[in-house]
>>> print(open('model-v8.txt').read())   # compact mmCIF, C-alpha atoms
# COMPACT_ATOMS: atom_id res chain seq x y z
CA MET A 1 0.00 0.00 0.00
CA SER A 2 2.78 2.50 0.85
CA LYS A 3 4.25 1.96 -2.62
CA LYS A 4 0.91 2.84 -4.21
CA VAL A 5 0.61 6.03 -2.17
CA SER A 6 4.07 7.24 -3.21
CA ILE A 7 3.23 6.64 -6.89
CA GLY A 8 0.06 8.68 -6.45
CA LYS A 9 2.09 11.52 -4.96
CA LYS A 10 4.52 11.58 -7.89
CA ILE A 11 1.67 11.90 -10.39
CA LEU A 12 0.09 14.65 -8.29
CA SER A 13 3.28 16.71 -8.21
CA ALA A 14 3.69 16.61 -11.99
CA ASN A 15 0.03 17.55 -12.20
CA GLU A 16 0.42 20.40 -9.73
CA LYS A 17 3.00 22.17 -11.89
CA TYR A 18 0.43 22.54 -14.64
CA ALA A 19 -2.35 23.33 -12.17
CA ILE A 20 -0.32 26.32 -10.94
CA LYS A 21 0.31 27.43 -14.52
CA ASN A 22 -3.42 27.27 -15.25
CA SER A 23 -4.36 29.15 -12.10
CA GLN A 24 -1.86 31.89 -12.95
CA LEU A 25 -3.51 32.29 -16.35
CA PHE A 26 -6.96 32.57 -14.74
CA ALA A 27 -5.62 35.12 -12.23
CA GLU A 28 -3.99 37.24 -14.95
CA GLN A 29 -7.17 37.19 -17.00
CA LYS A 30 -9.34 37.85 -13.89
CA GLU A 31 -11.35 34.90 -15.02
CA LEU A 32 -13.35 32.43 -12.92
CA CYS A 33 -12.72 28.72 -13.55
CA LEU A 34 -15.00 26.01 -12.18
CA ASN A 35 -14.30 22.27 -12.33
CA MET A 36 -17.55 20.27 -12.58
CA ILE A 37 -17.40 16.78 -11.13
CA SER A 38 -20.04 14.07 -10.86
CA SER A 39 -20.94 10.51 -11.72
CA PRO A 40 -21.80 9.77 -15.34
CA GLY A 41 -25.28 10.95 -16.23
CA SER A 42 -25.98 13.33 -13.35
CA GLY A 43 -26.65 16.12 -15.85
CA LYS A 44 -23.45 18.21 -16.06
CA THR A 45 -23.82 18.94 -19.78
CA THR A 46 -27.51 19.81 -19.53
CA ILE A 47 -26.75 22.18 -16.63
CA LEU A 48 -23.97 23.82 -18.65
CA ALA A 49 -26.03 24.21 -21.82
CA ARG A 50 -28.94 25.80 -19.94
CA THR A 51 -26.64 28.04 -17.88
CA ILE A 52 -24.80 29.29 -20.99
CA ASN A 53 -28.03 30.03 -22.85
CA GLU A 54 -29.68 31.81 -19.94
CA LEU A 55 -26.62 33.89 -18.99
CA LYS A 56 -25.42 34.60 -22.54
CA ASP A 57 -26.04 38.36 -22.28
CA LYS A 58 -24.47 38.61 -18.82
CA ILE A 59 -21.39 36.35 -18.64
CA ARG A 60 -19.06 35.21 -21.41
CA ILE A 61 -18.61 31.48 -20.79
CA GLY A 62 -16.18 29.01 -22.37
CA VAL A 63 -16.14 25.24 -21.85
CA ILE A 64 -13.52 22.51 -21.71
CA GLU A 65 -15.22 19.15 -22.19
CA GLY A 66 -13.52 16.10 -20.72
CA ASP A 67 -14.59 12.67 -21.89
CA ILE A 68 -13.05 9.25 -22.02
CA GLN A 69 -14.36 8.77 -25.55
CA THR A 70 -16.62 10.62 -28.05
CA ASP A 71 -17.38 14.32 -28.44
CA LEU A 72 -21.10 13.90 -27.74
CA ASP A 73 -21.00 16.45 -24.90
CA ALA A 74 -18.96 19.01 -26.85
CA GLU A 75 -21.51 18.68 -29.66
CA ARG A 76 -24.27 19.67 -27.23
CA ILE A 77 -22.26 22.69 -26.05
CA ARG A 78 -21.59 23.68 -29.69
CA ALA A 79 -25.33 24.27 -30.01
CA THR A 80 -24.93 27.12 -27.49
CA PRO A 81 -23.07 30.43 -28.02
CA ALA A 82 -20.08 29.22 -25.92
CA PRO A 83 -16.72 28.26 -27.41
CA VAL A 84 -15.80 24.68 -26.48
CA VAL A 85 -12.67 22.52 -26.61
CA GLN A 86 -12.91 18.74 -26.34
CA ILE A 87 -10.39 16.60 -24.45
CA ASN A 88 -10.54 12.83 -24.90
CA THR A 89 -8.67 11.04 -22.14
CA ASN A 90 -8.69 7.70 -24.04
CA GLY A 91 -9.52 5.64 -21.00
CA ALA A 92 -8.13 7.78 -18.18
CA CYS A 93 -10.55 8.33 -15.31
CA HIS A 94 -9.91 12.06 -14.75
CA LEU A 95 -8.65 15.17 -16.51
CA SER A 96 -5.06 16.24 -15.85
CA ALA A 97 -3.92 19.83 -15.46
CA ALA A 98 -1.60 19.34 -18.46
CA GLN A 99 -4.57 18.41 -20.66
CA VAL A 100 -6.43 21.48 -19.44
CA SER A 101 -3.35 23.65 -20.10
CA ASN A 102 -3.29 22.44 -23.72
CA ALA A 103 -7.03 23.01 -24.09
CA LEU A 104 -6.71 26.57 -22.75
CA GLU A 105 -4.43 27.43 -25.67
CA LYS A 106 -7.32 26.69 -28.01
CA LEU A 107 -9.95 28.67 -26.05
CA PRO A 108 -10.32 32.45 -26.63
CA VAL A 109 -9.53 33.05 -22.93
CA VAL A 110 -9.08 36.82 -23.26
CA ASP A 111 -12.72 37.16 -24.30
CA LEU A 112 -14.18 35.11 -21.43
CA ASP A 113 -15.40 35.75 -17.86
CA LEU A 114 -15.84 32.14 -16.85
CA VAL A 115 -14.34 28.81 -17.94
CA PHE A 116 -16.21 25.64 -17.05
CA ILE A 117 -14.26 22.41 -17.07
CA GLU A 118 -16.59 19.44 -17.38
CA ASN A 119 -14.58 16.58 -15.94
CA VAL A 120 -14.87 12.89 -16.86
CA GLY A 121 -17.96 11.31 -15.28
CA ASN A 122 -16.52 9.90 -12.06
CA LEU A 123 -17.35 10.88 -8.49
CA VAL A 124 -14.06 9.57 -7.11
CA CYS A 125 -10.81 10.13 -9.02
CA PRO A 126 -11.20 13.68 -10.42
CA SER A 127 -11.44 15.03 -6.86
CA ALA A 128 -7.73 14.19 -6.35
CA PHE A 129 -6.41 16.14 -9.35
CA GLU A 130 -6.30 19.93 -9.14
CA LEU A 131 -6.63 21.61 -12.53
CA GLY A 132 -5.93 25.19 -11.44
CA GLU A 133 -9.62 25.98 -10.97
CA ASN A 134 -11.05 28.51 -8.51
CA GLY A 135 -13.51 25.96 -7.24
CA LYS A 136 -15.14 22.60 -7.75
CA VAL A 137 -18.85 22.12 -8.41
CA VAL A 138 -20.16 18.67 -7.55
CA VAL A 139 -23.40 17.54 -9.18
CA LEU A 140 -25.57 14.84 -7.63
CA SER A 141 -28.73 13.64 -9.35
CA VAL A 142 -31.61 12.70 -7.05
CA ALA A 143 -31.80 9.39 -8.95
CA GLU A 144 -28.39 8.48 -7.45
CA GLY A 145 -29.73 8.40 -3.89
CA ASP A 146 -29.35 10.54 -0.77
CA ASP A 147 -26.53 8.45 0.77
CA LYS A 148 -23.82 9.73 -1.58
CA PRO A 149 -22.12 12.45 0.54
CA ALA A 150 -21.59 9.84 3.29
CA LYS A 151 -20.33 7.20 0.84
CA TYR A 152 -18.15 9.41 -1.39
CA PRO A 153 -17.03 12.14 1.04
CA ALA A 154 -13.89 13.50 -0.69
CA ILE A 155 -15.58 15.47 -3.45
CA PHE A 156 -18.26 16.89 -1.14
CA ALA A 157 -15.54 18.00 1.31
CA LYS A 158 -13.64 19.83 -1.46
CA SER A 159 -16.41 21.52 -3.47
CA ARG A 160 -17.54 25.14 -3.34
CA VAL A 161 -20.99 24.23 -4.67
CA LEU A 162 -23.28 21.19 -4.63
CA LEU A 163 -25.96 21.12 -7.31
CA ILE A 164 -28.68 18.58 -6.47
CA ASN A 165 -30.04 17.96 -9.97
CA LYS A 166 -33.14 16.32 -11.48
CA THR A 167 -35.50 17.56 -8.74
CA ASP A 168 -38.26 17.08 -11.37
CA LEU A 169 -37.97 13.34 -10.62
CA LEU A 170 -38.74 13.80 -6.93
CA ASP A 171 -41.69 12.37 -5.12
CA PRO A 172 -44.61 13.20 -5.07
CA VAL A 173 -44.63 14.47 -8.69
CA GLY A 174 -41.94 12.01 -9.74
CA GLN A 175 -41.18 8.56 -8.41
CA VAL A 176 -37.81 9.11 -6.77
CA ASP A 177 -37.58 9.01 -2.98
CA PHE A 178 -34.69 11.29 -1.98
CA ASP A 179 -34.22 13.25 1.24
CA ILE A 180 -32.71 16.64 0.30
CA GLU A 181 -32.32 17.56 3.99
CA ARG A 182 -30.24 14.44 4.65
CA VAL A 183 -27.92 15.37 1.78
CA LYS A 184 -27.59 18.95 3.02
CA THR A 185 -26.82 17.77 6.56
CA ASP A 186 -24.30 15.14 5.44
CA ALA A 187 -22.57 17.50 2.98
CA ARG A 188 -22.28 20.24 5.62
CA LYS A 189 -20.79 17.78 8.11
CA LEU A 190 -17.93 17.49 5.60
CA ASN A 191 -17.88 21.09 4.46
CA LYS A 192 -19.46 23.87 6.49
CA VAL A 193 -19.34 26.49 3.71
CA ILE A 194 -20.56 24.47 0.72
CA GLU A 195 -23.31 26.25 -1.25
CA ILE A 196 -26.18 23.88 -2.03
CA PHE A 197 -28.70 24.50 -4.81
CA PRO A 198 -31.44 21.95 -5.59
CA ILE A 199 -32.17 22.38 -9.31
CA SER A 200 -33.76 20.83 -12.35
CA ALA A 201 -31.70 21.64 -15.42
CA LYS A 202 -34.57 20.14 -17.42
CA THR A 203 -37.39 22.41 -16.16
CA GLY A 204 -35.20 25.30 -14.93
CA GLU A 205 -36.53 25.03 -11.35
CA GLY A 206 -34.04 26.39 -8.81
CA MET A 207 -31.55 27.57 -11.46
CA PRO A 208 -31.83 31.35 -10.70
CA LEU A 209 -30.03 30.97 -7.34
CA TRP A 210 -27.19 29.16 -9.12
CA TYR A 211 -27.04 31.94 -11.74
CA ASP A 212 -26.91 34.58 -8.97
CA TRP A 213 -24.04 32.75 -7.32
CA LEU A 214 -22.13 32.53 -10.62
CA GLN A 215 -22.58 36.22 -11.39
CA ARG A 216 -21.45 37.17 -7.87
CA GLU A 217 -18.34 34.98 -8.15
CA VAL A 218 -17.45 36.31 -11.60
CA LYS A 219 -17.76 39.83 -10.21
CA ASN A 220 -15.59 38.94 -7.18
CA VAL A 221 -12.85 37.59 -9.43
CA ARG A 222 -12.99 40.64 -11.73
CA GLU A 223 -12.63 43.01 -8.77
CA VAL A 224 -9.76 41.26 -6.99
CA MET B 225 2.22 9.39 -20.67
CA SER B 226 4.45 6.35 -21.17
CA LYS B 227 5.55 6.66 -17.53
CA LYS B 228 1.95 6.58 -16.36
CA VAL B 229 1.18 3.48 -18.40
CA SER B 230 4.12 1.56 -16.95
CA ILE B 231 3.02 2.42 -13.39
CA GLY B 232 -0.46 1.16 -14.20
CA LYS B 233 1.03 -2.11 -15.43
CA LYS B 234 2.99 -2.65 -12.23
CA ILE B 235 -0.12 -2.23 -10.08
CA LEU B 236 -2.04 -4.59 -12.34
CA SER B 237 0.56 -7.34 -12.07
CA ALA B 238 0.57 -7.27 -8.27
CA ASN B 239 -3.22 -7.31 -8.48
CA GLU B 240 -3.24 -10.20 -10.93
CA LYS B 241 -1.43 -12.51 -8.52
CA TYR B 242 -4.31 -12.23 -6.07
CA ALA B 243 -6.89 -12.36 -8.85
CA ILE B 244 -5.51 -15.76 -9.89
CA LYS B 245 -5.57 -16.93 -6.27
CA ASN B 246 -9.21 -15.89 -5.96
CA SER B 247 -10.22 -17.53 -9.23
CA GLN B 248 -8.56 -20.77 -8.14
CA LEU B 249 -10.63 -20.71 -4.95
CA PHE B 250 -13.85 -20.19 -6.94
CA ALA B 251 -12.88 -23.02 -9.31
CA GLU B 252 -12.12 -25.45 -6.44
CA GLN B 253 -15.42 -24.60 -4.77
CA LYS B 254 -17.31 -24.76 -8.12
CA GLU B 255 -18.68 -21.40 -7.19
CA LEU B 256 -19.76 -18.55 -9.47
CA CYS B 257 -18.34 -15.11 -8.72
CA LEU B 258 -19.73 -11.93 -10.31
CA ASN B 259 -18.17 -8.47 -10.03
CA MET B 260 -20.86 -5.75 -10.14
CA ILE B 261 -19.71 -2.42 -11.50
CA SER B 262 -21.58 0.84 -12.04
CA SER B 263 -21.69 4.53 -11.24
CA PRO B 264 -22.76 5.49 -7.73
CA GLY B 265 -26.49 5.21 -7.26
CA SER B 266 -27.39 3.04 -10.23
CA GLY B 267 -28.99 0.52 -7.87
CA LYS B 268 -26.46 -2.27 -7.32
CA THR B 269 -27.39 -2.85 -3.67
CA THR B 270 -31.12 -2.80 -4.35
CA ILE B 271 -30.63 -5.33 -7.18
CA LEU B 272 -28.58 -7.56 -4.87
CA ALA B 273 -31.02 -7.39 -1.96
CA ARG B 274 -33.98 -8.26 -4.18
CA THR B 275 -32.08 -11.01 -5.99
CA ILE B 276 -30.96 -12.63 -2.71
CA ASN B 277 -34.47 -12.54 -1.24
CA GLU B 278 -36.16 -13.92 -4.34
CA LEU B 279 -33.59 -16.69 -4.95
CA LYS B 280 -33.01 -17.63 -1.31
CA ASP B 281 -34.49 -21.11 -1.69
CA LYS B 282 -32.64 -21.78 -4.95
CA ILE B 283 -29.11 -20.33 -4.74
CA ARG B 284 -26.89 -19.74 -1.72
CA ILE B 285 -25.50 -16.26 -2.23
CA GLY B 286 -22.73 -14.41 -0.35
CA VAL B 287 -21.73 -10.78 -0.82
CA ILE B 288 -18.53 -8.75 -0.62
CA GLU B 289 -19.43 -5.08 -0.30
CA GLY B 290 -16.88 -2.55 -1.52
CA ASP B 291 -17.23 1.06 -0.44
CA ILE B 292 -14.92 4.02 -0.10
CA GLN B 293 -16.49 4.85 3.27
CA THR B 294 -19.39 3.64 5.47
CA ASP B 295 -21.05 0.25 5.70
CA LEU B 296 -24.46 1.53 4.61
CA ASP B 297 -24.65 -1.01 1.77
CA ALA B 298 -23.53 -3.95 3.91
CA GLU B 299 -26.21 -2.98 6.42
CA ARG B 300 -28.85 -3.31 3.68
CA ILE B 301 -27.50 -6.74 2.70
CA ARG B 302 -27.49 -7.82 6.37
CA ALA B 303 -31.27 -7.48 6.27
CA THR B 304 -31.29 -10.39 3.76
CA PRO B 305 -30.36 -14.04 4.45
CA ALA B 306 -26.95 -13.61 2.73
CA PRO B 307 -23.64 -13.47 4.60
CA VAL B 308 -21.80 -10.24 3.84
CA VAL B 309 -18.27 -8.91 4.33
CA GLN B 310 -17.57 -5.17 4.09
CA ILE B 311 -14.41 -3.73 2.52
CA ASN B 312 -13.70 -0.02 3.00
CA THR B 313 -11.14 1.23 0.47
CA ASN B 314 -10.59 4.49 2.42
CA GLY B 315 -10.56 6.66 -0.67
CA ALA B 316 -9.41 4.22 -3.34
CA CYS B 317 -11.55 4.20 -6.48
CA HIS B 318 -11.75 0.43 -6.99
CA LEU B 319 -11.49 -2.88 -5.15
CA SER B 320 -8.22 -4.77 -5.42
CA ALA B 321 -7.93 -8.54 -5.72
CA ALA B 322 -5.93 -8.58 -2.47
CA GLN B 323 -8.80 -6.94 -0.61
CA VAL B 324 -11.19 -9.51 -2.07
CA SER B 325 -8.83 -12.32 -1.10
CA ASN B 326 -8.88 -11.10 2.53
CA ALA B 327 -12.66 -10.76 2.47
CA LEU B 328 -13.05 -14.31 1.12
CA GLU B 329 -11.39 -15.63 4.28
CA LYS B 330 -14.29 -14.19 6.26
CA LEU B 331 -17.07 -15.51 4.00
CA PRO B 332 -18.40 -19.08 4.47
CA VAL B 333 -17.37 -19.91 0.90
CA VAL B 334 -17.87 -23.67 1.22
CA ASP B 335 -21.57 -23.10 1.84
CA LEU B 336 -22.18 -20.83 -1.15
CA ASP B 337 -23.10 -21.21 -4.82
CA LEU B 338 -22.54 -17.61 -5.83
CA VAL B 339 -20.42 -14.73 -4.53
CA PHE B 340 -21.36 -11.22 -5.61
CA ILE B 341 -18.69 -8.55 -5.31
CA GLU B 342 -20.28 -5.11 -5.25
CA ASN B 343 -17.49 -2.84 -6.41
CA VAL B 344 -16.99 0.84 -5.48
CA GLY B 345 -19.41 3.09 -7.38
CA ASN B 346 -17.32 4.07 -10.38
CA LEU B 347 -17.96 3.26 -14.04
CA VAL B 348 -14.32 3.74 -15.04
CA CYS B 349 -11.54 2.44 -12.78
CA PRO B 350 -12.92 -0.89 -11.48
CA SER B 351 -13.06 -2.21 -15.05
CA ALA B 352 -9.24 -2.29 -15.13
CA PHE B 353 -8.76 -4.46 -12.02
CA GLU B 354 -9.53 -8.18 -12.26
CA LEU B 355 -10.66 -9.66 -8.96
CA GLY B 356 -10.71 -13.32 -10.02
CA GLU B 357 -14.40 -13.21 -10.91
CA ASN B 358 -16.10 -15.37 -13.54
CA GLY B 359 -17.73 -12.32 -15.04
CA LYS B 360 -18.54 -8.66 -14.67
CA VAL B 361 -22.08 -7.31 -14.44
CA VAL B 362 -22.42 -3.65 -15.40
CA VAL B 363 -25.46 -1.76 -14.14
CA LEU B 364 -26.74 1.37 -15.89
CA SER B 365 -29.69 3.31 -14.51
CA VAL B 366 -31.97 4.88 -17.12
CA ALA B 367 -31.57 8.16 -15.21
CA GLU B 368 -27.91 8.22 -16.30
CA GLY B 369 -28.78 8.56 -19.99
CA ASP B 370 -28.56 6.35 -23.06
CA ASP B 371 -25.18 7.70 -24.26
CA LYS B 372 -23.15 5.83 -21.63
CA PRO B 373 -21.92 2.75 -23.58
CA ALA B 374 -20.47 5.13 -26.22
CA LYS B 375 -18.89 7.41 -23.62
CA TYR B 376 -17.58 4.77 -21.16
CA PRO B 377 -16.88 1.83 -23.48
CA ALA B 378 -14.38 -0.22 -21.44
CA ILE B 379 -16.78 -1.69 -18.91
CA PHE B 380 -19.44 -2.47 -21.53
CA ALA B 381 -16.81 -4.21 -23.66
CA LYS B 382 -15.73 -6.42 -20.73
CA SER B 383 -19.04 -7.36 -19.06
CA ARG B 384 -20.97 -10.60 -19.36
CA VAL B 385 -24.24 -8.88 -18.43
CA LEU B 386 -25.69 -5.38 -18.69
CA LEU B 387 -28.57 -4.63 -16.33
CA ILE B 388 -30.49 -1.53 -17.44
CA ASN B 389 -32.06 -0.56 -14.12
CA LYS B 390 -34.83 1.81 -12.94
CA THR B 391 -37.08 1.14 -15.93
CA ASP B 392 -39.91 2.29 -13.63
CA LEU B 393 -38.67 5.85 -14.29
CA LEU B 394 -39.09 5.53 -18.07
CA ASP B 395 -41.38 7.61 -20.18
CA PRO B 396 -44.41 7.51 -20.59
CA VAL B 397 -45.14 6.32 -17.01
CA GLY B 398 -42.07 8.10 -15.61
CA GLN B 399 -40.36 11.26 -16.81
CA VAL B 400 -37.06 9.87 -18.07
CA ASP B 401 -36.39 9.85 -21.79
CA PHE B 402 -34.03 6.93 -22.51
CA ASP B 403 -33.67 4.87 -25.67
CA ILE B 404 -33.15 1.23 -24.61
CA GLU B 405 -32.57 0.17 -28.23
CA ARG B 406 -29.75 2.71 -28.61
CA VAL B 407 -28.05 1.29 -25.51
CA LYS B 408 -28.46 -2.28 -26.75
CA THR B 409 -27.02 -1.38 -30.16
CA ASP B 410 -24.10 0.60 -28.72
CA ALA B 411 -23.28 -2.07 -26.12
CA ARG B 412 -23.36 -4.85 -28.75
CA LYS B 413 -21.05 -2.84 -31.02
CA LEU B 414 -18.51 -3.22 -28.20
CA ASN B 415 -19.45 -6.71 -27.10
CA LYS B 416 -21.41 -9.08 -29.33
CA VAL B 417 -22.24 -11.58 -26.60
CA ILE B 418 -23.27 -9.30 -23.74
CA GLU B 419 -26.56 -10.33 -22.12
CA ILE B 420 -28.85 -7.33 -21.63
CA PHE B 421 -31.73 -7.28 -19.16
CA PRO B 422 -33.87 -4.15 -18.67
CA ILE B 423 -35.08 -4.33 -15.06
CA SER B 424 -36.59 -2.40 -12.21
CA ALA B 425 -35.15 -3.63 -8.92
CA LYS B 426 -37.78 -1.46 -7.23
CA THR B 427 -40.90 -3.00 -8.85
CA GLY B 428 -39.36 -6.36 -9.87
CA GLU B 429 -40.16 -5.83 -13.55
CA GLY B 430 -37.81 -7.79 -15.81
CA MET B 431 -35.99 -9.48 -12.92
CA PRO B 432 -37.08 -13.09 -13.74
CA LEU B 433 -34.88 -13.22 -16.88
CA TRP B 434 -31.90 -12.11 -14.76
CA TYR B 435 -32.73 -14.81 -12.19
CA ASP B 436 -32.93 -17.44 -14.95
CA TRP B 437 -29.53 -16.38 -16.25
CA LEU B 438 -28.01 -16.58 -12.73
CA GLN B 439 -29.42 -20.05 -12.09
CA ARG B 440 -28.17 -21.27 -15.46
CA GLU B 441 -24.67 -19.92 -14.80
CA VAL B 442 -24.53 -21.37 -11.28
CA LYS B 443 -25.50 -24.73 -12.76
CA ASN B 444 -22.83 -24.43 -15.49
CA VAL B 445 -20.12 -23.74 -12.93
CA ARG B 446 -21.27 -26.64 -10.70
CA GLU B 447 -21.14 -29.05 -13.63
CA VAL B 448 -17.76 -28.05 -15.05
>>> encode(input="model-v8.txt", output="structure tokens")
Amino acid sequence: MSKKVSIGKKILSANEKYAIKNSQLFAEQKELCLNMISSPGSGKTTILARTINELKDKIRIGVIEGDIQTDLDAERIRATPAPVVQINTNGACHLSAAQVSNALEKLPVVDLDLVFIENVGNLVCPSAFELGENGKVVVLSVAEGDDKPAKYPAIFAKSRVLLINKTDLLDPVGQVDFDIERVKTDARKLNKVIEIFPISAKTGEGMPLWYDWLQREVKNVREV
Amino acid sequence: MSKKVSIGKKILSANEKYAIKNSQLFAEQKELCLNMISSPGSGKTTILARTINELKDKIRIGVIEGDIQTDLDAERIRATPAPVVQINTNGACHLSAAQVSNALEKLPVVDLDLVFIENVGNLVCPSAFELGENGKVVVLSVAEGDDKPAKYPAIFAKSRVLLINKTDLLDPVGQVDFDIERVKTDARKLNKVIEIFPISAKTGEGMPLWYDWLQREVKNVREV
């Protein structure tokens, strides 16, 4: 086991060099960068597409799309006004800061207020690899169950924001039994300052509070 | 990149030694072992609990529960007649064959026909670590979307069975739009012989075909 840990540390250090480079770029550009992390299918791309469309006259957003294979998500973002760069990890379970650094060279960063990085769908590994972002946004779909902060604590401990998505599926309108209060309590046991927004990216319910938070953070970064 | 690949290979070889040890044990005992892999919250534990209860007079099932933290899942299995051993990976994104080997010492293997290993919730990493199982079972909830075999091909390419779970959420009864035929087509492009069962572990819909398959496989292994 100790051997495995030391290998992990070596990879992290190489990664950190690029993470620092990326964060310097964001600081110079006074640009907010958010790293979105979740299981596959929790709705990251739908959240992004709706957010971009609804904030298009207020914030200039760019997207880096991370996927193991395919550019299906980037295709969905291309239908919005946002510029997008696709990274295919070819099997790797998380984005690296070096991959993000390369992608940033292809994004028109000088014209943006906010860069979203949509990480590979994985609630575990991406939480261990800093990309130079200002904050992590973890997405949890109500269909995944309300025990997830307890079972996968690392990402909930590290995130600035928790988006509880697919509230349109909730009982009694929908069929999913999910205790939002349990999730809030468990997430705040790990992270006292995490912002939590229950949303439906499909119907738009709850999204305005998320948009307010984004606009406030973009403003904070601009004024630093 | 080449450095990273060689590290991965070293971990795999250490893992493979234990995987072979485990598979020898299953072969000696004429016991079927299935490694269940999916994203967090796709319903693995619910599928297991229902399967154990409904087959309790036909197959003797034992369970190894893999979780990063907590024994919430093992607790749910303890409410069934099946013996269960919990493994906490303390942050690691997959079960290792060595962990399974230790757990097998605590299971009453001589009294079992079938051992289920419920892996850590992660659609990516566990697919790369053999545990000595006879086959992998990948679970995909319809809430995760029908693009997953294309986007996360490795586990669909390697699995004996694909369980498409939570069909109770499907349109038109439910609110989830999910094309089962697209998933079948995409999964079979990767894996011609994969068995695909659409099920609802909540309502029991579709489960009998899965039970038939399990009983057939247990019989095959007994008669080898």
>>> closest_atom_pairs(input="model-v8.txt", of="chain B", to="chain A", cutoff="9 Å", atoms="all atoms listed in the file", output="JSON lines")
{"residue": "B:Lys228", "atom": "CA", "partner": "A:Ile11", "partner_atom": "CA", "distance": 8.0}
{"residue": "B:Ile231", "atom": "CA", "partner": "A:Ile7", "partner_atom": "CA", "distance": 7.8}
{"residue": "B:Ile235", "atom": "CA", "partner": "A:Lys4", "partner_atom": "CA", "distance": 7.8}
{"residue": "B:Ser263", "atom": "CA", "partner": "A:Ser39", "partner_atom": "CA", "distance": 6.0}
{"residue": "B:Pro264", "atom": "CA", "partner": "A:Glu144", "partner_atom": "CA", "distance": 6.4}
{"residue": "B:Gly265", "atom": "CA", "partner": "A:Glu144", "partner_atom": "CA", "distance": 3.8}
{"residue": "B:Ser266", "atom": "CA", "partner": "A:Glu144", "partner_atom": "CA", "distance": 6.2}
{"residue": "B:Gly267", "atom": "CA", "partner": "A:Glu144", "partner_atom": "CA", "distance": 8.0}
{"residue": "B:Asp291", "atom": "CA", "partner": "A:Lys151", "partner_atom": "CA", "distance": 7.0}
{"residue": "B:Ile292", "atom": "CA", "partner": "A:Lys151", "partner_atom": "CA", "distance": 6.3}
{"residue": "B:Gln293", "atom": "CA", "partner": "A:Lys151", "partner_atom": "CA", "distance": 5.1}
{"residue": "B:Thr294", "atom": "CA", "partner": "A:Lys151", "partner_atom": "CA", "distance": 5.9}
{"residue": "B:Asp295", "atom": "CA", "partner": "A:Lys151", "partner_atom": "CA", "distance": 8.5}
{"residue": "B:Leu296", "atom": "CA", "partner": "A:Lys151", "partner_atom": "CA", "distance": 8.0}
{"residue": "B:Gly315", "atom": "CA", "partner": "A:Ala154", "partner_atom": "CA", "distance": 7.6}
{"residue": "B:Ala316", "atom": "CA", "partner": "A:Val124", "partner_atom": "CA", "distance": 8.0}
{"residue": "B:Cys317", "atom": "CA", "partner": "A:Val124", "partner_atom": "CA", "distance": 6.0}
{"residue": "B:Gly345", "atom": "CA", "partner": "A:Leu123", "partner_atom": "CA", "distance": 8.1}
{"residue": "B:Asn346", "atom": "CA", "partner": "A:Asn122", "partner_atom": "CA", "distance": 6.1}
{"residue": "B:Leu347", "atom": "CA", "partner": "A:Asn122", "partner_atom": "CA", "distance": 7.1}
{"residue": "B:Val348", "atom": "CA", "partner": "A:Cys93", "partner_atom": "CA", "distance": 5.9}
{"residue": "B:Cys349", "atom": "CA", "partner": "A:Cys93", "partner_atom": "CA", "distance": 6.5}
{"residue": "B:Ser365", "atom": "CA", "partner": "A:Ala143", "partner_atom": "CA", "distance": 8.5}
{"residue": "B:Ala367", "atom": "CA", "partner": "A:Ala143", "partner_atom": "CA", "distance": 6.4}
{"residue": "B:Glu368", "atom": "CA", "partner": "A:Gly41", "partner_atom": "CA", "distance": 3.8}
{"residue": "B:Gly369", "atom": "CA", "partner": "A:Gly41", "partner_atom": "CA", "distance": 5.7}
{"residue": "B:Asp370", "atom": "CA", "partner": "A:Gly41", "partner_atom": "CA", "distance": 8.9}
{"residue": "B:Asp371", "atom": "CA", "partner": "A:Leu72", "partner_atom": "CA", "distance": 8.2}
{"residue": "B:Lys372", "atom": "CA", "partner": "A:Pro40", "partner_atom": "CA", "distance": 7.5}
{"residue": "B:Ala374", "atom": "CA", "partner": "A:Thr70", "partner_atom": "CA", "distance": 7.0}
{"residue": "B:Lys375", "atom": "CA", "partner": "A:Gln69", "partner_atom": "CA", "distance": 5.1}
{"residue": "B:Tyr376", "atom": "CA", "partner": "A:Ile68", "partner_atom": "CA", "distance": 6.4}
{"residue": "B:Pro377", "atom": "CA", "partner": "A:Gln69", "partner_atom": "CA", "distance": 7.7}
{"residue": "B:Ala378", "atom": "CA", "partner": "A:Gly91", "partner_atom": "CA", "distance": 7.6}
{"residue": "B:Asp392", "atom": "CA", "partner": "A:Gln175", "partner_atom": "CA", "distance": 8.3}
{"residue": "B:Leu393", "atom": "CA", "partner": "A:Gln175", "partner_atom": "CA", "distance": 6.9}
{"residue": "B:Gly398", "atom": "CA", "partner": "A:Gly174", "partner_atom": "CA", "distance": 7.1}
{"residue": "B:Gln399", "atom": "CA", "partner": "A:Leu169", "partner_atom": "CA", "distance": 7.0}
{"residue": "B:Val400", "atom": "CA", "partner": "A:Leu169", "partner_atom": "CA", "distance": 8.3}
>>> closest_residue(input="model-v8.txt", among="A:Ile20, A:Lys44, A:Tyr211, A:Asn220", to="Ile59 (chain A)", atoms="only C-alpha atoms")
A:Tyr211
>>> atom_distance(input="model-v8.txt", atom1="CA of Arg222 (chain A)", atom2="CA of Leu209 (chain A)")
20.1 Å
>>> atom_distance(input="model-v8.txt", atom1="CA of Leu256 (chain B)", atom2="CA of Lys280 (chain B)")
15.6 Å
>>> atom_distance(input="model-v8.txt", atom1="CA of Ala74 (chain A)", atom2="CA of Gln86 (chain A)")
6.1 Å
>>> residues_around(input="model-v8.txt", residues="region 353-357 of chain B", least_positions_apart="5", cutoff="9 Å", atoms="all atoms listed in the file", output="list in words")
Leu236, Asn239, Glu240, Tyr242, Ala243, Ile244, Lys245, Asn246, Ser247, Gln248, Leu249, Phe250, Leu256, Cys257, Leu258, Asn259, His318, Leu319, Ser320, Ala321, Ala322, Gln323, Val324, Ser325, Val339, Phe340 and Ile341 of chain B
